[in-house]
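Participant: Next up, target-v6.cif (mmCIF, C-alpha atoms and all ligand atoms).
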```
data_my_file
#
loop_
_atom_site.label_atom_id
_atom_site.label_comp_id
_atom_site.auth_asym_id
_atom_site.auth_seq_id
_atom_site.Cartn_x
_atom_site.Cartn_y
_atom_site.Cartn_z
CA MET A 358 -6.71 6.68 -21.29
CA ARG A 359 -3.16 5.42 -20.71
CA LEU A 360 -2.07 5.06 -17.09
CA PHE A 361 1.52 4.89 -15.90
CA VAL A 362 1.34 2.90 -12.67
CA THR A 363 4.54 2.69 -10.66
CA GLY A 364 4.94 -0.16 -8.18
CA GLY A 365 2.34 -2.14 -10.12
CA ALA A 366 4.05 -5.42 -9.26
CA GLY A 367 3.38 -4.90 -5.56
CA PHE A 368 0.29 -5.57 -3.46
CA MET A 369 -1.93 -2.57 -4.11
CA GLY A 370 -0.50 -1.58 -7.48
CA SER A 371 -1.29 -5.00 -8.94
CA ASN A 372 -4.80 -5.00 -7.47
CA PHE A 373 -5.37 -1.55 -8.97
CA ILE A 374 -4.12 -2.55 -12.43
CA ARG A 375 -6.43 -5.58 -12.48
CA TYR A 376 -9.33 -3.41 -11.28
CA VAL A 377 -8.80 -0.75 -13.96
CA LEU A 378 -8.26 -3.14 -16.89
CA THR A 379 -11.38 -5.06 -15.88
CA LYS A 380 -13.53 -1.97 -15.45
CA TYR A 381 -12.36 0.05 -18.49
CA PRO A 382 -11.93 -2.05 -21.66
CA GLU A 383 -10.47 0.95 -23.54
CA TYR A 384 -7.76 1.79 -20.97
CA GLU A 385 -4.09 0.90 -21.26
CA VAL A 386 -1.66 0.45 -18.37
CA VAL A 387 2.12 0.69 -18.20
CA ASN A 388 3.44 -0.96 -15.05
CA PHE A 389 6.81 0.61 -14.14
CA ASP A 390 8.38 -1.36 -11.29
CA LYS A 391 11.89 -1.99 -9.99
CA LEU A 392 10.98 -5.50 -8.81
CA THR A 393 12.39 -5.19 -5.31
CA TYR A 394 11.82 -8.11 -2.91
CA ALA A 395 8.18 -6.90 -2.70
CA GLY A 396 7.61 -6.73 -6.46
CA ASN A 397 6.31 -9.93 -7.98
CA LEU A 398 5.25 -10.50 -11.59
CA GLU A 399 3.15 -13.44 -10.37
CA ASN A 400 0.70 -10.84 -9.00
CA LEU A 401 -0.37 -10.00 -12.57
CA ARG A 402 0.24 -13.32 -14.31
CA ASP A 403 -3.39 -13.32 -15.48
CA MET A 404 -2.91 -9.92 -17.18
CA GLU A 405 0.44 -10.40 -18.89
CA HIS A 406 -0.98 -11.40 -22.29
CA ASP A 407 -3.49 -8.57 -22.30
CA LYS A 408 -2.50 -6.25 -25.17
CA ARG A 409 -3.46 -3.23 -23.07
CA TYR A 410 -0.85 -4.09 -20.43
CA THR A 411 2.90 -3.36 -20.66
CA PHE A 412 5.53 -4.08 -18.01
CA VAL A 413 8.69 -1.95 -17.81
CA LYS A 414 11.38 -2.81 -15.27
CA GLY A 415 12.71 0.43 -13.84
CA ASP A 416 13.53 2.50 -10.78
CA ILE A 417 11.47 5.64 -10.11
CA ALA A 418 14.61 7.30 -8.74
CA ASP A 419 16.40 6.80 -12.08
CA ALA A 420 15.62 10.00 -14.02
CA LYS A 421 16.83 8.67 -17.35
CA ALA A 422 14.76 5.47 -17.13
CA VAL A 423 11.68 7.41 -16.05
CA GLN A 424 12.01 9.95 -18.86
CA GLN A 425 12.58 7.26 -21.47
CA ALA A 426 9.46 5.41 -20.38
CA MET A 427 7.41 8.63 -20.33
CA ASP A 428 8.60 9.65 -23.81
CA LYS A 429 7.82 6.22 -25.17
CA HIS A 430 4.40 5.73 -23.57
CA ARG A 431 3.15 9.32 -23.16
CA PRO A 432 0.68 8.51 -20.38
CA ASP A 433 -2.41 10.54 -19.47
CA ALA A 434 -1.84 9.96 -15.78
CA ILE A 435 0.84 8.78 -13.36
CA LEU A 436 -0.24 6.83 -10.28
CA ASN A 437 2.67 6.46 -7.89
CA TYR A 438 2.25 3.28 -5.84
CA ALA A 439 6.00 2.54 -5.78
CA ALA A 440 7.53 2.68 -2.31
CA GLU A 441 9.39 0.77 0.31
CA THR A 442 6.46 -0.02 2.57
CA HIS A 443 7.40 -2.09 5.60
CA VAL A 444 7.88 0.01 8.74
CA ASP A 445 10.08 -2.62 10.47
CA ARG A 446 12.47 -2.66 7.53
CA SER A 447 12.69 1.15 7.62
CA ILE A 448 13.97 0.84 11.19
CA LEU A 449 16.61 -1.72 10.19
CA ASP A 450 17.70 -0.08 6.95
CA PRO A 451 16.20 3.32 6.04
CA ASP A 452 18.37 4.01 3.00
CA ALA A 453 16.09 2.59 0.30
CA PHE A 454 13.09 4.33 1.91
CA VAL A 455 14.59 7.79 1.58
CA ARG A 456 15.80 7.06 -1.93
CA THR A 457 12.55 5.63 -3.31
CA GLU A 458 10.03 7.74 -1.41
CA VAL A 459 11.80 11.10 -1.63
CA ILE A 460 14.12 10.96 -4.67
CA GLY A 461 11.76 8.64 -6.55
CA THR A 462 8.72 10.87 -6.08
CA TYR A 463 10.79 13.96 -6.94
CA THR A 464 11.97 12.26 -10.16
CA LEU A 465 8.42 11.40 -11.19
CA LEU A 466 7.23 14.94 -10.41
CA GLU A 467 10.01 16.37 -12.57
CA ALA A 468 8.84 14.14 -15.41
CA ALA A 469 5.26 15.29 -14.82
CA LYS A 470 6.05 19.01 -15.04
CA THR A 471 4.84 19.04 -18.63
CA PHE A 472 1.50 17.50 -17.58
CA LYS A 473 -1.17 20.11 -18.05
CA ASN A 474 -4.60 18.54 -18.12
CA ARG A 475 -3.34 15.18 -17.02
CA ARG A 476 -3.07 13.69 -13.54
CA PHE A 477 -0.46 12.75 -10.94
CA VAL A 478 -1.88 10.61 -8.16
CA GLN A 479 0.38 10.01 -5.16
CA ILE A 480 -0.57 7.08 -2.93
CA SER A 481 0.41 8.14 0.57
CA THR A 482 -0.37 6.99 4.06
CA ASP A 483 -2.12 8.01 7.29
CA GLU A 484 1.23 7.31 9.01
CA VAL A 485 2.43 10.80 8.04
CA TYR A 486 0.14 12.20 10.78
CA GLY A 487 1.94 10.13 13.39
CA HIS A 488 0.32 8.71 16.52
CA VAL A 489 -3.15 10.19 17.14
CA ALA A 490 -4.04 10.16 20.84
CA SER A 491 -7.69 11.16 20.37
CA GLY A 492 -10.12 12.40 17.73
CA ARG A 493 -9.51 12.07 14.00
CA THR A 494 -6.97 13.70 11.67
CA SER A 495 -8.33 15.68 8.76
CA GLU A 496 -6.25 16.52 5.71
CA THR A 497 -5.14 19.79 7.30
CA ALA A 498 -3.70 18.16 10.43
CA MET A 499 -0.04 18.73 11.18
CA LEU A 500 2.38 16.11 9.86
CA ALA A 501 4.23 14.33 12.67
CA PRO A 502 5.84 11.21 11.18
CA ARG A 503 7.81 9.07 13.64
CA SER A 504 9.44 6.27 11.62
CA PRO A 505 11.91 6.50 8.73
CA TYR A 506 9.11 5.07 6.54
CA SER A 507 6.52 7.69 7.47
CA ALA A 508 9.07 10.52 7.46
CA SER A 509 10.10 9.58 3.92
CA LYS A 510 6.47 9.39 2.83
CA ALA A 511 5.85 12.80 4.42
CA GLY A 512 8.82 14.20 2.47
CA ALA A 513 7.23 12.91 -0.73
CA ASP A 514 3.86 14.43 0.27
CA LEU A 515 5.45 17.85 0.68
CA LEU A 516 7.15 17.61 -2.70
CA VAL A 517 3.84 16.68 -4.33
CA GLN A 518 2.14 19.73 -2.80
CA ALA A 519 5.07 21.97 -3.76
CA TYR A 520 5.02 20.81 -7.39
CA HIS A 521 1.34 21.64 -7.60
CA THR A 522 1.79 25.10 -6.10
CA THR A 523 4.99 26.02 -7.92
CA PHE A 524 4.68 24.28 -11.28
CA GLY A 525 0.96 23.60 -11.58
CA VAL A 526 1.38 19.82 -11.73
CA PRO A 527 -2.21 18.49 -11.41
CA THR A 528 -1.60 16.38 -8.34
CA ILE A 529 -3.95 14.38 -6.13
CA LEU A 530 -2.50 13.27 -2.81
CA THR A 531 -4.16 10.39 -0.98
CA ARG A 532 -3.52 9.31 2.61
CA SER A 533 -4.83 5.84 3.24
CA CYS A 534 -5.35 3.63 6.21
CA ASN A 535 -4.14 -0.02 6.15
CA PHE A 536 -5.26 -2.27 3.29
CA LEU A 537 -6.15 -5.92 3.45
CA GLY A 538 -6.71 -8.46 0.73
CA PRO A 539 -4.98 -10.76 -1.77
CA TYR A 540 -1.31 -10.44 -2.81
CA GLN A 541 -0.03 -8.64 0.29
CA PHE A 542 3.59 -9.60 1.00
CA PRO A 543 3.57 -12.02 3.95
CA GLU A 544 5.77 -9.84 6.18
CA LYS A 545 2.83 -7.53 6.97
CA PHE A 546 0.71 -8.19 10.07
CA ILE A 547 -2.40 -9.81 8.57
CA PRO A 548 -0.83 -12.07 5.90
CA PHE A 549 2.10 -12.85 8.23
CA PHE A 550 -0.27 -14.05 10.94
CA ILE A 551 -2.56 -15.92 8.51
CA THR A 552 0.36 -17.83 6.99
CA ASN A 553 1.82 -18.52 10.44
CA LEU A 554 -1.55 -19.98 11.47
CA ILE A 555 -1.65 -22.15 8.35
CA ASP A 556 1.84 -23.40 9.28
CA GLY A 557 0.98 -23.95 12.97
CA LYS A 558 3.47 -21.28 14.10
CA SER A 559 3.05 -18.73 16.89
CA LEU A 560 1.82 -15.15 16.40
CA PRO A 561 4.35 -12.51 17.51
CA VAL A 562 2.26 -9.61 18.83
CA TYR A 563 4.32 -6.46 19.36
CA GLY A 564 4.07 -5.13 22.92
CA ASP A 565 0.62 -5.24 24.53
CA GLY A 566 -1.19 -5.60 21.17
CA LYS A 567 -3.49 -2.69 21.98
CA GLN A 568 -2.28 -0.57 19.07
CA SER A 569 -5.08 0.19 16.64
CA ARG A 570 -5.31 0.52 12.88
CA GLU A 571 -8.15 1.13 10.42
CA TYR A 572 -8.47 -1.17 7.43
CA ILE A 573 -10.09 -1.14 4.04
CA TYR A 574 -10.43 -4.03 1.66
CA VAL A 575 -8.40 -3.72 -1.57
CA ASP A 576 -11.41 -3.26 -3.90
CA ASP A 577 -12.72 -0.34 -1.83
CA HIS A 578 -9.35 1.36 -2.08
CA CYS A 579 -9.20 0.77 -5.85
CA ALA A 580 -12.66 2.34 -6.16
CA ALA A 581 -11.51 5.40 -4.19
CA ILE A 582 -8.42 5.86 -6.39
CA ASP A 583 -10.55 5.40 -9.52
CA LEU A 584 -12.88 8.19 -8.34
CA LEU A 585 -10.02 10.50 -7.41
CA LEU A 586 -8.22 9.91 -10.70
CA HIS A 587 -11.31 10.98 -12.65
CA GLU A 588 -13.06 13.42 -10.36
CA GLY A 589 -10.64 14.57 -7.66
CA THR A 590 -9.67 18.24 -7.53
CA ALA A 591 -6.08 18.96 -8.54
CA GLY A 592 -3.88 20.12 -5.67
CA GLU A 593 -6.10 18.51 -3.03
CA ILE A 594 -5.34 15.93 -0.35
CA TYR A 595 -7.82 13.14 0.42
CA ASN A 596 -7.78 10.77 3.37
CA ILE A 597 -9.11 7.26 2.63
CA SER A 598 -10.35 5.16 5.52
CA SER A 599 -13.13 2.91 6.76
CA GLU A 600 -12.98 4.95 9.99
CA LYS A 601 -13.45 1.69 11.89
CA SER A 602 -10.61 1.07 14.26
CA GLN A 603 -9.34 -2.45 15.06
CA GLU A 604 -6.96 -3.23 17.88
CA ASN A 605 -4.25 -5.69 16.89
CA LEU A 606 -5.46 -8.14 19.55
CA THR A 607 -9.02 -7.92 18.19
CA VAL A 608 -7.72 -8.88 14.74
CA VAL A 609 -5.76 -11.74 16.31
CA LYS A 610 -8.86 -13.01 18.12
CA LEU A 611 -10.88 -12.97 14.89
CA LEU A 612 -8.13 -14.88 13.10
CA LEU A 613 -7.91 -17.46 15.91
CA LYS A 614 -11.67 -17.98 15.64
CA MET A 615 -11.45 -18.46 11.85
CA PHE A 616 -8.71 -21.06 12.35
CA GLY A 617 -10.36 -22.75 15.34
CA LYS A 618 -7.28 -22.06 17.53
CA ASP A 619 -6.90 -20.69 21.05
CA GLU A 620 -4.75 -17.91 22.51
CA SER A 621 -1.90 -20.25 23.43
CA VAL A 622 -0.31 -19.47 20.02
CA VAL A 623 -0.10 -15.75 20.85
CA GLU A 624 3.38 -14.62 21.88
CA HIS A 625 3.92 -11.08 23.13
CA VAL A 626 7.33 -9.95 21.81
CA ALA A 627 9.36 -6.74 22.09
CA ASP A 628 7.53 -3.72 20.74
CA ARG A 629 8.49 -1.96 17.49
CA PRO A 630 10.68 1.07 18.34
CA GLY A 631 8.66 4.29 18.01
CA HIS A 632 5.50 2.25 17.41
CA ASP A 633 2.52 4.49 16.64
CA ARG A 634 -0.36 3.27 18.79
CA ARG A 635 -3.24 4.74 16.87
CA TYR A 636 -4.08 6.19 13.46
CA ALA A 637 -7.49 7.69 12.77
CA PRO A 638 -7.76 9.52 9.44
CA ASP A 639 -10.99 11.43 8.85
CA ALA A 640 -12.40 10.48 5.43
CA ALA A 641 -15.34 12.92 5.50
CA LYS A 642 -14.01 14.94 2.56
CA LEU A 643 -13.93 11.92 0.25
CA ARG A 644 -17.39 10.82 1.38
CA ARG A 645 -18.86 14.30 1.06
CA GLU A 646 -17.27 15.42 -2.22
CA LEU A 647 -17.06 12.19 -4.17
CA HIS A 648 -19.71 10.08 -2.40
CA TRP A 649 -17.22 7.27 -1.75
CA LYS A 650 -17.94 4.75 0.93
CA PRO A 651 -16.40 1.39 1.76
CA THR A 652 -18.55 -1.62 0.89
CA VAL A 653 -16.67 -4.52 2.52
CA ALA A 654 -16.88 -4.72 6.32
CA PHE A 655 -13.66 -5.59 8.16
CA GLU A 656 -14.67 -9.13 9.19
CA GLU A 657 -15.84 -9.96 5.69
CA GLY A 658 -12.58 -8.59 4.22
CA LEU A 659 -10.60 -10.65 6.72
CA ARG A 660 -12.60 -13.78 5.88
CA ARG A 661 -11.96 -13.27 2.13
CA THR A 662 -8.27 -12.65 2.80
CA VAL A 663 -7.91 -15.81 4.90
CA GLU A 664 -9.65 -17.80 2.16
CA TRP A 665 -7.33 -16.35 -0.51
CA TYR A 666 -4.16 -17.24 1.42
CA ARG A 667 -5.50 -20.72 2.12
CA GLU A 668 -6.07 -21.22 -1.61
CA HIS A 669 -2.82 -19.60 -2.81
CA GLU A 670 -0.10 -21.31 -0.85
CA GLY A 671 1.93 -21.59 -4.05
CA TRP A 672 2.02 -17.78 -4.19
CA TRP A 673 3.10 -16.97 -0.63
CA ARG A 674 5.26 -19.90 0.42
CA PRO A 675 8.28 -19.01 -1.77
CA LEU A 676 8.09 -15.43 -0.46
CA LYS A 677 8.03 -16.56 3.15
CA SER A 678 11.11 -18.67 2.81
CA GLY A 679 12.82 -16.27 0.40
CA VAL A 680 16.19 -14.70 0.89
CA HIS A 681 14.80 -11.26 1.73
CA LEU A 682 12.65 -12.54 4.52
CA LYS A 683 15.62 -14.53 5.80
CA TYR A 684 17.53 -11.27 6.10
CA PHE A 685 14.65 -9.86 8.08
CA GLN A 686 14.52 -12.89 10.35
CA GLN A 687 18.23 -12.60 11.07
CA GLN A 688 17.50 -9.23 12.62
CA TYR A 689 14.28 -10.06 14.41
CA GLY A 690 14.62 -13.78 15.03
CA ASP A 691 12.68 -16.58 13.36
CA ARG A 692 9.07 -15.83 14.10
P1 LIG B 701 4.35 -3.20 -1.73
O1 LIG B 701 5.50 -3.17 -0.80
O2 LIG B 701 3.50 -4.42 -1.77
O3 LIG B 701 4.85 -2.95 -3.22
C1 LIG B 701 5.70 -1.88 -3.55
C2 LIG B 701 6.05 -2.01 -5.03
O4 LIG B 701 6.90 -0.91 -5.37
C3 LIG B 701 6.83 -3.29 -5.37
O5 LIG B 701 6.31 -3.87 -6.55
C4 LIG B 701 8.26 -2.79 -5.58
O6 LIG B 701 9.00 -3.59 -6.50
C5 LIG B 701 8.00 -1.40 -6.12
N1 LIG B 701 9.13 -0.49 -5.90
C6 LIG B 701 9.80 -0.25 -4.73
N2 LIG B 701 10.79 0.65 -4.95
C7 LIG B 701 10.72 1.01 -6.26
C8 LIG B 701 11.45 1.92 -7.06
N3 LIG B 701 12.46 2.62 -6.57
N4 LIG B 701 11.09 2.05 -8.37
C9 LIG B 701 10.07 1.32 -8.89
N5 LIG B 701 9.36 0.44 -8.18
C10 LIG B 701 9.66 0.29 -6.87
O7 LIG B 701 3.48 -1.90 -1.44
P2 LIG B 701 1.91 -1.73 -1.12
O8 LIG B 701 1.64 -2.23 0.25
O9 LIG B 701 1.14 -2.22 -2.27
O10 LIG B 701 1.82 -0.13 -1.06
C11 LIG B 701 1.61 0.63 -2.24
C12 LIG B 701 1.57 2.09 -1.87
O11 LIG B 701 0.52 2.34 -0.95
C13 LIG B 701 2.84 2.59 -1.18
O12 LIG B 701 3.13 3.89 -1.67
C14 LIG B 701 2.48 2.66 0.29
O13 LIG B 701 3.23 3.64 0.95
C15 LIG B 701 1.01 3.00 0.21
N6 LIG B 701 0.20 2.54 1.33
C16 LIG B 701 0.17 1.21 1.66
C17 LIG B 701 -0.68 0.77 2.68
C18 LIG B 701 -0.77 -0.71 3.06
O14 LIG B 701 -1.49 -1.03 4.00
N7 LIG B 701 -0.10 -1.60 2.38
C19 LIG B 701 -1.51 1.69 3.35
C20 LIG B 701 -1.44 3.05 3.01
C21 LIG B 701 -0.60 3.45 1.98
O1 LIG B 702 -1.34 2.89 8.00
C1 LIG B 702 -0.92 2.63 6.67
C2 LIG B 702 0.34 1.80 6.71
O2 LIG B 702 -0.06 0.48 7.08
C3 LIG B 702 1.10 1.76 5.39
O3 LIG B 702 1.53 3.05 5.07
C4 LIG B 702 2.30 0.80 5.49
O4 LIG B 702 2.95 0.70 4.24
C5 LIG B 702 1.78 -0.56 5.89
O5 LIG B 702 2.86 -1.47 6.05
C6 LIG B 702 0.98 -0.46 7.19
O6 LIG B 702 1.86 -0.12 8.30
P1 LIG B 702 1.63 -0.79 9.74
O7 LIG B 702 2.81 -0.55 10.57
O8 LIG B 702 0.31 -0.40 10.29
O9 LIG B 702 1.49 -2.31 9.25
P2 LIG B 702 2.10 -3.69 9.76
O10 LIG B 702 1.41 -4.76 8.97
O11 LIG B 702 3.58 -3.70 9.77
O12 LIG B 702 1.61 -3.76 11.28
C7 LIG B 702 0.24 -3.61 11.63
C8 LIG B 702 0.18 -3.62 13.15
O13 LIG B 702 0.53 -4.94 13.61
C9 LIG B 702 1.16 -2.68 13.81
O14 LIG B 702 0.59 -2.13 14.99
C10 LIG B 702 2.35 -3.58 14.17
C11 LIG B 702 1.66 -4.90 14.47
N1 LIG B 702 2.49 -6.11 14.20
C12 LIG B 702 3.03 -6.26 12.96
C13 LIG B 702 3.82 -7.38 12.68
C14 LIG B 702 4.44 -7.53 11.30
C15 LIG B 702 2.66 -7.07 15.20
O15 LIG B 702 2.14 -6.94 16.33
N2 LIG B 702 3.42 -8.18 14.90
C16 LIG B 702 4.03 -8.37 13.69
O16 LIG B 702 4.72 -9.38 13.48
#
```
Would you mind writing the file out in structure tokens?

Facilitator:
Amino acid sequence: MRLFVTGGAGFMGSNFIRYVLTKYPEYEVVNFDKLTYAGNLENLRDMEHDKRYTFVKGDIADAKAVQQAMDKHRPDAILNYAAETHVDRSILDPDAFVRTEVIGTYTLLEAAKTFKNRRFVQISTDEVYGHVASGRTSETAMLAPRSPYSASKAGADLLVQAYHTTFGVPTILTRSCNFLGPYQFPEKFIPFFITNLIDGKSLPVYGDGKQSREYIYVDDHCAAIDLLLHEGTAGEIYNISSEKSQENLTVVKLLLKMFGKDESVVEHVADRPGHDRRYAPDAAKLRRELHWKPTVAFEEGLRRTVEWYREHEGWWRPLKSGVHLKYFQQQYGDR
């Protein structure tokens, strides 16, 4: 099987490529990635000499580049991990979000129109449901995105569903909770705070810190995507979540304990505009139909993640001082 993985130089895409090439010796992977600030070929340095792995630099919103790569590699499945993913950046500068999420997904779907028995897997997010005051959101819940990031992802979701209904593209749409694990860009909450703790810096908690998220460890997400790629039902939507909610301050307290520090390093800063306080995707369908369940508990995943960042300073330090993060700090201050 030949997989066309977009965004494979990012956090989850690279973890998925490594997972698949390790698990299936006969599989081939084409990694199609624009290499934005979040794309990093270091994430797959250990795979680059593997004959089953090919990297193509390209933009999913560039129809010509996408078609050329499809014609050349003729994949059996497309897995679309490519996206602009940081909510704060979508508030500062939404342009790239709309372009990549909406136009990019549309461009890939156009290229996939000829797919008959093949697969198109769209990696989406629980953020499309918006803030969830109580209960859990199933796949049929109304979409109520509230940031430019989640609105763009929701636009892509609707296109995916429309291309299945109208053109019969064999799509699988996943909506995942937050991931944690190695290779996450150090602007995101968990790696940002871990690397700040390593550097003896303070931890900027947005607002009261009582917002909650659900997390799954990278390998559990890869296993879910693997199952859906092979056994998911075309046209269906699947939530992916541990269904275990963690308040931001709870995560902070666990991190402080792991680093032997006290709460004096916590700094409550201005809240994110439009900040969703709670997500709670219901993953019963995935558990029931495909017998998926997460295997790494949150604390264990956090411990492994802390260990990885402690051991891979050479990976994250250039990213933390890089020009793109500097741009971000100009807007938000040096945290
Ligand atoms: P990331 O930001 O780490 O990486 C994104 C990758 O996409 C980068 O390699 C980047 O170069 C590439 N990319 C961006 N624009 C592109 C374009 N126009 N053409 C080609 N490549 C492009 O992302 P991530 O955190 O690994 O997220 C992967 C996917 O999972 C995204 O679709 C995201 O919306 C979704 N998701 C992420 C999380 C999370 O917690 N990180 C949770 C739920 C869903
Ligand atoms: O829910 C899935 C989503 O999870 C994905 O679709 C997004 O791509 C991914 O970035 C993530 O979005 P979040 O907004 O949940 O992640 P982030 O790491 O930005 O923030 C997690 C929580 O921590 C959130 O409530 C905001 C808070 N936070 C974040 C940062 C960066 C802080 O309090 N301080 C910070 O400095």

Participant: Given only C-alpha atoms and all ligand atoms as the basis, pick out the residue of A:Leu613, A:Ile573, A:Leu676, A:Cys534 nearest to ligand LIG 702 (chain B).

Facilitator: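 That would be A:Cys534, the residue with the smallest distance to ligand LIG 702 (chain B).
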
Participant: Which residue gives the smallest distance to His587 of chain A among A:Thr457, A:Ser599, A:Asn535, A:Thr528, with all atoms listed in the file counted?

Facilitator: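 Closest to His587 of chain A, using all atoms listed in the file: A:Thr528.
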
Participant: In Å to one decimal, how far is atom CA of Ser495 of chain A from atom CA of Arg634 of chain A?

Facilitator: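 Going from atom CA of Arg634 of chain A over to atom CA of Ser495 of chain A covers 17.8 Å.
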
Participant: Select the residues contacting ligand LIG 702 (chain B) at a distance of at most 6 Å, based on all atoms listed in the file, then format the selection as an MDAnalysis selection string.

Facilitator: chainID A and resid 442:444 482:484 534:535 544:546 561:563 568 605

Participant: Could you give me the centre and size, in Å to one decimal, of an axis-aligned box around all listed atoms of ligand LIG 701 (chain B) with 4 Å added on every side, as JSON?

Facilitator:
```
{"center_x": 5.5, "center_y": -0.3, "center_z": -2.4, "size_x": 22.0, "size_y": 16.3, "size_z": 20.9}
```

Participant: Give me, as CSV, the closest atom pair and its distance (Å, one decimal) for every residue of chain A within a cut-off of 8 Å of ligand LIG 701 (chain B), counting only C-alpha atoms and all ligand atoms, rows sorted by chain and rising number.

Facilitator:
```
residue,atom,partner,partner_atom,distance
A:Thr363,CA,B:LIG701,N5,5.9
A:Gly364,CA,B:LIG701,O4,3.5
A:Gly365,CA,B:LIG701,O5,5.6
A:Ala366,CA,B:LIG701,O5,3.9
A:Gly367,CA,B:LIG701,O5,3.3
A:Phe368,CA,B:LIG701,O9,3.7
A:Met369,CA,B:LIG701,O9,3.6
A:Gly370,CA,B:LIG701,O9,5.5
A:Ser371,CA,B:LIG701,O9,7.6
A:Phe389,CA,B:LIG701,C9,6.2
A:Asp390,CA,B:LIG701,N5,3.7
A:Lys391,CA,B:LIG701,C9,3.9
A:Leu392,CA,B:LIG701,O6,3.6
A:Thr393,CA,B:LIG701,O6,3.9
A:Tyr394,CA,B:LIG701,O6,6.4
A:Ala395,CA,B:LIG701,C3,4.7
A:Gly396,CA,B:LIG701,O5,3.1
A:Asn397,CA,B:LIG701,O5,6.2
A:Lys414,CA,B:LIG701,C9,7.7
A:Gly415,CA,B:LIG701,C9,5.7
A:Asp416,CA,B:LIG701,N4,3.5
A:Ile417,CA,B:LIG701,N4,4.0
A:Ala418,CA,B:LIG701,N3,5.6
A:Asp419,CA,B:LIG701,N3,8.0
A:Asn437,CA,B:LIG701,O12,6.7
A:Tyr438,CA,B:LIG701,C12,4.2
A:Ala439,CA,B:LIG701,O4,3.6
A:Ala440,CA,B:LIG701,C6,4.4
A:Glu441,CA,B:LIG701,C6,5.2
A:Thr442,CA,B:LIG701,O1,4.7
A:His443,CA,B:LIG701,O1,6.8
A:Ala453,CA,B:LIG701,N2,7.7
A:Arg456,CA,B:LIG701,N3,7.2
A:Thr457,CA,B:LIG701,N3,4.4
A:Glu458,CA,B:LIG701,N3,7.7
A:Gly461,CA,B:LIG701,N3,6.1
A:Gln479,CA,B:LIG701,O12,7.6
A:Ile480,CA,B:LIG701,O12,5.0
A:Ser481,CA,B:LIG701,C21,5.0
A:Thr482,CA,B:LIG701,C21,4.1
A:Asp483,CA,B:LIG701,C20,6.6
A:Glu484,CA,B:LIG701,C20,7.8
A:Lys510,CA,B:LIG701,O13,6.9
A:Arg532,CA,B:LIG701,C21,6.6
A:Ser533,CA,B:LIG701,C20,4.4
A:Cys534,CA,B:LIG701,C20,5.1
A:Asn535,CA,B:LIG701,O14,3.6
A:Phe536,CA,B:LIG701,O14,4.0
A:Leu537,CA,B:LIG701,O14,6.8
A:Tyr540,CA,B:LIG701,O2,7.8
A:Gln541,CA,B:LIG701,O2,5.9
A:Phe542,CA,B:LIG701,O2,5.9
A:Tyr572,CA,B:LIG701,O14,7.8
```

Participant: Can you write out the residues you just picked, keeping C-alpha atoms, as a tab-separated table (two decimals), keeping the file's coordinate frame?

Facilitator:
```tsv
chain	number	residue	atom	x	y	z
A	363	THR	CA	4.54	2.69	-10.66
A	364	GLY	CA	4.94	-0.16	-8.18
A	365	GLY	CA	2.34	-2.14	-10.12
A	366	ALA	CA	4.05	-5.42	-9.26
A	367	GLY	CA	3.38	-4.90	-5.56
A	368	PHE	CA	0.29	-5.57	-3.46
A	369	MET	CA	-1.93	-2.57	-4.11
A	370	GLY	CA	-0.50	-1.58	-7.48
A	371	SER	CA	-1.29	-5.00	-8.94
A	389	PHE	CA	6.81	0.61	-14.14
A	390	ASP	CA	8.38	-1.36	-11.29
A	391	LYS	CA	11.89	-1.99	-9.99
A	392	LEU	CA	10.98	-5.50	-8.81
A	393	THR	CA	12.39	-5.19	-5.31
A	394	TYR	CA	11.82	-8.11	-2.91
A	395	ALA	CA	8.18	-6.90	-2.70
A	396	GLY	CA	7.61	-6.73	-6.46
A	397	ASN	CA	6.31	-9.93	-7.98
A	414	LYS	CA	11.38	-2.81	-15.27
A	415	GLY	CA	12.71	0.43	-13.84
A	416	ASP	CA	13.53	2.50	-10.78
A	417	ILE	CA	11.47	5.64	-10.11
A	418	ALA	CA	14.61	7.30	-8.74
A	419	ASP	CA	16.40	6.80	-12.08
A	437	ASN	CA	2.67	6.46	-7.89
A	438	TYR	CA	2.25	3.28	-5.84
A	439	ALA	CA	6.00	2.54	-5.78
A	440	ALA	CA	7.53	2.68	-2.31
A	441	GLU	CA	9.39	0.77	0.31
A	442	THR	CA	6.46	-0.02	2.57
A	443	HIS	CA	7.40	-2.09	5.60
A	453	ALA	CA	16.09	2.59	0.30
A	456	ARG	CA	15.80	7.06	-1.93
A	457	THR	CA	12.55	5.63	-3.31
A	458	GLU	CA	10.03	7.74	-1.41
A	461	GLY	CA	11.76	8.64	-6.55
A	479	GLN	CA	0.38	10.01	-5.16
A	480	ILE	CA	-0.57	7.08	-2.93
A	481	SER	CA	0.41	8.14	0.57
A	482	THR	CA	-0.37	6.99	4.06
A	483	ASP	CA	-2.12	8.01	7.29
A	484	GLU	CA	1.23	7.31	9.01
A	510	LYS	CA	6.47	9.39	2.83
A	532	ARG	CA	-3.52	9.31	2.61
A	533	SER	CA	-4.83	5.84	3.24
A	534	CYS	CA	-5.35	3.63	6.21
A	535	ASN	CA	-4.14	-0.02	6.15
A	536	PHE	CA	-5.26	-2.27	3.29
A	537	LEU	CA	-6.15	-5.92	3.45
A	540	TYR	CA	-1.31	-10.44	-2.81
A	541	GLN	CA	-0.03	-8.64	0.29
A	542	PHE	CA	3.59	-9.60	1.00
A	572	TYR	CA	-8.47	-1.17	7.43
```

Participant: Would you compute the distance between atom CA of Pro527 of chain A and atom CA of Gly592 of chain A? Give it in Å to one decimal.

Facilitator: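 Atom-to-atom, atom CA of Pro527 of chain A and atom CA of Gly592 of chain A are spaced 6.2 Å apart.
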